[in-house]
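*Asks:* Dropping a structure here in structure tokens format, bear with me for questions.
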Amino acid sequence: MADAGKPARADVTSVVVADDHTLFRELLADLLSLEDWLEVVAQGASGTEAVELVRQHRPGIAVLDVQMPGPGIRETVREIGRHCPETRCIVLTMHDDPVLFRGVLDDGATAYLLKSVSSRELVTSIHSVIREPERIHFSVTRNMIRGLDGPAADRLLSAREVEILSYVAQARSNAEIAATLFLAETTVKRHLTNAYRKLGAVSRVDAIRRAMDAGIIAPYQQP
């Protein structure tokens, strides 16, 4: 565990990592520590420890495994939000569970990522959470996105954003999309920017890939 008295740099985001699998947790902490803009200040092995460590260190980010001893992930996220609302919770899971997905987002998690993501995708998602903490960032399967409703749905893609992304997947330019939908090109750009933020995407191609992986848009087939 890092020294609690160590002063934090203004340009560095502190992180608490909680997972009951010691090897995975330590490797994850080492991976995040390679980024000069992140500092892992503490590690825990249960939901109870995660809440206590967040209360002690008040980090910018808490990376939480779904299955840990303690009160359960949903209560853990709620407790962190209750005591440290400035801490953003990123939930890691192996489970393709739409109910859990909806639940943890409604309870206040900022990101929900499958453990099948690459290390670069994880780091990119954390960076996106820091940049846009009010957005949901996720890497999920088609099954998990179906039927999403409640508070979490309000932060996902709008119908217009989905429509525009579908045209982008067809390799349409912003000008072509604007003409097709009778919109100003600046409006198309604004919708795309919002969609990128919500998806945690770093580029046009990345946004399409994430939207397709989540089942939000269908893969485009050339007629």
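Labels used: A, B, ... for chains in the order of the structure tokens, numbers from 1 for residues in each chain, and numbers from 1 for ligands as shown.
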For Gly47 of chain A, list every protein, DNA or RNA residue within 7 Å, evaluated using only C-alpha atoms, and leave out those in the same chain fewer than 6 positions away; present the list as a ChimeraX atom specification.
*Replies:* /A:68-73,76
*Asks:* Just write the chosen residues, N, CA and C atoms, as a tab-separated table (two decimals), in the first residue's frame.
*Replies:*
```
chain	number	residue	atom	x	y	z
A	68	MET	N	-16.19	-10.12	-5.04
A	68	MET	CA	-15.26	-10.04	-3.93
A	68	MET	C	-16.02	-10.36	-2.65
A	69	PRO	N	-15.33	-10.82	-1.62
A	69	PRO	CA	-15.98	-10.94	-0.31
A	69	PRO	C	-16.48	-9.57	0.15
A	70	GLY	N	-17.51	-9.57	0.96
A	70	GLY	CA	-18.02	-8.31	1.47
A	70	GLY	C	-19.47	-8.09	1.10
A	71	PRO	N	-19.89	-6.85	1.03
A	71	PRO	CA	-21.31	-6.54	0.88
A	71	PRO	C	-21.87	-6.73	-0.53
A	72	GLY	N	-21.05	-7.05	-1.50
A	72	GLY	CA	-21.51	-7.15	-2.88
A	72	GLY	C	-21.19	-5.88	-3.64
A	73	ILE	N	-21.03	-6.00	-4.94
A	73	ILE	CA	-20.55	-4.87	-5.74
A	73	ILE	C	-21.51	-3.69	-5.73
A	76	THR	N	-21.18	-1.93	-2.48
A	76	THR	CA	-19.86	-1.31	-2.44
A	76	THR	C	-19.85	0.00	-3.22
```
*Asks:* Between A:Ala211, A:Asp107, A:Pro85, A:Ser128, which one has atoms that come closest to Glu163 of chain A, using only C-alpha atoms?
*Replies:*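 So, comparing all the options, the nearest one is A:Ala211.
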*Asks:* List the spatial neighbours of Val168 of chain A as an MDAnalysis selection string - criterion: any atom at most 12 Å away, only C-alpha atoms, same-chain residues fewer than 5 positions off excluded.
*Replies:* chainID A and resid 161:163 173:178 188:189 191:192 195 203:209 211:212 217:220
*Asks:* Write out as number ranges by chain which residues come within 12 Å of Leu122 of chain A when counting only C-alpha atoms, dropping same-chain ones fewer than 6 positions away.
*Replies:* A: 28, 31-32, 35, 63, 90-92, 111-116, 128-129, 137-139, 200-201
*Asks:* Enumerate, in order of chain and increasing residue number, the residues of segment 57-79 of chain A with an atom no farther than 6 Å from segment 7-26 of chain A, each with its shortest atom pair and distance in Å to one decimal, counting only C-alpha atoms, as CSV.
*Replies:*
```
residue,atom,partner,partner_atom,distance
A:Pro59,CA,A:Ser14,CA,4.8
A:Gly60,CA,A:Ser14,CA,5.4
A:Ile61,CA,A:Val15,CA,4.8
A:Ala62,CA,A:Val16,CA,4.8
A:Val63,CA,A:Val17,CA,4.8
A:Leu64,CA,A:Ala18,CA,5.0
A:Asp65,CA,A:Asp19,CA,5.1
A:Met68,CA,A:Asp20,CA,5.6
```
*Asks:* Save out the residues we just selected, N, CA and C atoms, as a PDB file, in the first residue's frame.
*Replies:*
```pdb
ATOM      1  N   PRO A  59      -9.515   8.637  -3.511  1.00  0.00           N
ATOM      2  CA  PRO A  59      -8.895   8.644  -4.846  1.00  0.00           C
ATOM      3  C   PRO A  59      -9.843   9.189  -5.909  1.00  0.00           C
ATOM      4  N   GLY A  60      -9.284   9.499  -7.058  1.00  0.00           N
ATOM      5  CA  GLY A  60     -10.118   9.907  -8.175  1.00  0.00           C
ATOM      6  C   GLY A  60     -10.841   8.729  -8.795  1.00  0.00           C
ATOM      7  N   ILE A  61     -10.195   7.548  -8.748  1.00  0.00           N
ATOM      8  CA  ILE A  61     -10.721   6.346  -9.391  1.00  0.00           C
ATOM      9  C   ILE A  61     -10.651   5.166  -8.426  1.00  0.00           C
ATOM     10  N   ALA A  62     -11.709   4.340  -8.426  1.00  0.00           N
ATOM     11  CA  ALA A  62     -11.682   3.043  -7.740  1.00  0.00           C
ATOM     12  C   ALA A  62     -11.984   1.970  -8.767  1.00  0.00           C
ATOM     13  N   VAL A  63     -11.046   1.045  -8.956  1.00  0.00           N
ATOM     14  CA  VAL A  63     -11.242  -0.070  -9.891  1.00  0.00           C
ATOM     15  C   VAL A  63     -11.667  -1.279  -9.066  1.00  0.00           C
ATOM     16  N   LEU A  64     -12.862  -1.793  -9.321  1.00  0.00           N
ATOM     17  CA  LEU A  64     -13.482  -2.788  -8.452  1.00  0.00           C
ATOM     18  C   LEU A  64     -13.849  -4.049  -9.222  1.00  0.00           C
ATOM     19  N   ASP A  65     -13.470  -5.208  -8.665  1.00  0.00           N
ATOM     20  CA  ASP A  65     -13.925  -6.474  -9.212  1.00  0.00           C
ATOM     21  C   ASP A  65     -15.360  -6.724  -8.769  1.00  0.00           C
ATOM     22  N   MET A  68     -16.194 -10.118  -5.045  1.00  0.00           N
ATOM     23  CA  MET A  68     -15.258 -10.037  -3.928  1.00  0.00           C
ATOM     24  C   MET A  68     -16.020 -10.355  -2.652  1.00  0.00           C
TER      25      MET A  68
END
```
*Asks:* Go through segment 182-215 of chain A and collect every residue that DSSP, computed from the backbone, puts in alpha helix (DSSP H); the answer should be as a PDB file with C-alpha atoms, in the first residue's frame.
*Replies:*
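Resulting contents of result-v2.pdb:
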```pdb
ATOM      1  CA  GLU A 185     -22.925  19.677 -40.437  1.00  0.00           C
ATOM      2  CA  THR A 186     -22.063  21.253 -37.079  1.00  0.00           C
ATOM      3  CA  THR A 187     -25.056  19.428 -35.567  1.00  0.00           C
ATOM      4  CA  VAL A 188     -23.771  16.117 -36.904  1.00  0.00           C
ATOM      5  CA  LYS A 189     -20.345  16.839 -35.414  1.00  0.00           C
ATOM      6  CA  ARG A 190     -21.933  17.683 -32.049  1.00  0.00           C
ATOM      7  CA  HIS A 191     -23.885  14.417 -31.980  1.00  0.00           C
ATOM      8  CA  LEU A 192     -20.754  12.463 -32.882  1.00  0.00           C
ATOM      9  CA  THR A 193     -18.745  14.180 -30.165  1.00  0.00           C
ATOM     10  CA  ASN A 194     -21.415  13.261 -27.615  1.00  0.00           C
ATOM     11  CA  ALA A 195     -21.474   9.669 -28.869  1.00  0.00           C
ATOM     12  CA  TYR A 196     -17.679   9.372 -28.600  1.00  0.00           C
ATOM     13  CA  ARG A 197     -17.784  10.607 -25.018  1.00  0.00           C
ATOM     14  CA  LYS A 198     -20.561   8.237 -24.018  1.00  0.00           C
ATOM     15  CA  LEU A 199     -18.803   5.270 -25.609  1.00  0.00           C
ATOM     16  CA  ARG A 204     -14.304   7.516 -35.332  1.00  0.00           C
ATOM     17  CA  VAL A 205     -13.204   3.910 -35.934  1.00  0.00           C
ATOM     18  CA  ASP A 206     -13.073   3.180 -32.207  1.00  0.00           C
ATOM     19  CA  ALA A 207     -16.600   4.522 -31.737  1.00  0.00           C
ATOM     20  CA  ILE A 208     -17.968   2.286 -34.482  1.00  0.00           C
ATOM     21  CA  ARG A 209     -16.183  -0.772 -33.088  1.00  0.00           C
ATOM     22  CA  ARG A 210     -17.484  -0.127 -29.574  1.00  0.00           C
ATOM     23  CA  ALA A 211     -21.024   0.507 -30.797  1.00  0.00           C
ATOM     24  CA  MET A 212     -20.979  -2.686 -32.871  1.00  0.00           C
ATOM     25  CA  ASP A 213     -19.510  -4.751 -30.024  1.00  0.00           C
TER      26      ASP A 213
END
```
*Asks:* Where in segment 33-171 of chain A does DSSP assign strand (DSSP E), given as a ChimeraX atom specification?
*Replies:* /A:38-44,61-65,88-93,111-114,137-139
*Asks:* Can you work out which one of A:Ile216, A:Trp37, A:Ala29, A:Leu105 has the shortest atom-to-atom distance to Ser158 of chain A, counting only C-alpha atoms?
*Replies:*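 Smallest distance to Ser158 of chain A is found for A:Ile216.
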*Asks:* For each of A:Arg74, A:Asp106, A:Asp96, A:Val202, take the minimum atom-to-atom distance to Glu121 of chain A, counting only C-alpha atoms, then give the residue where this is smallest.
*Replies:*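 Using only C-alpha atoms, Glu121 of chain A sits closest to A:Val202.
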*Asks:* How far is it from atom CA of Arg58 of chain A to atom CA of Gln43 of chain A, in Å with one decimal?
*Replies:*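 A separation of 13.0 Å between them.
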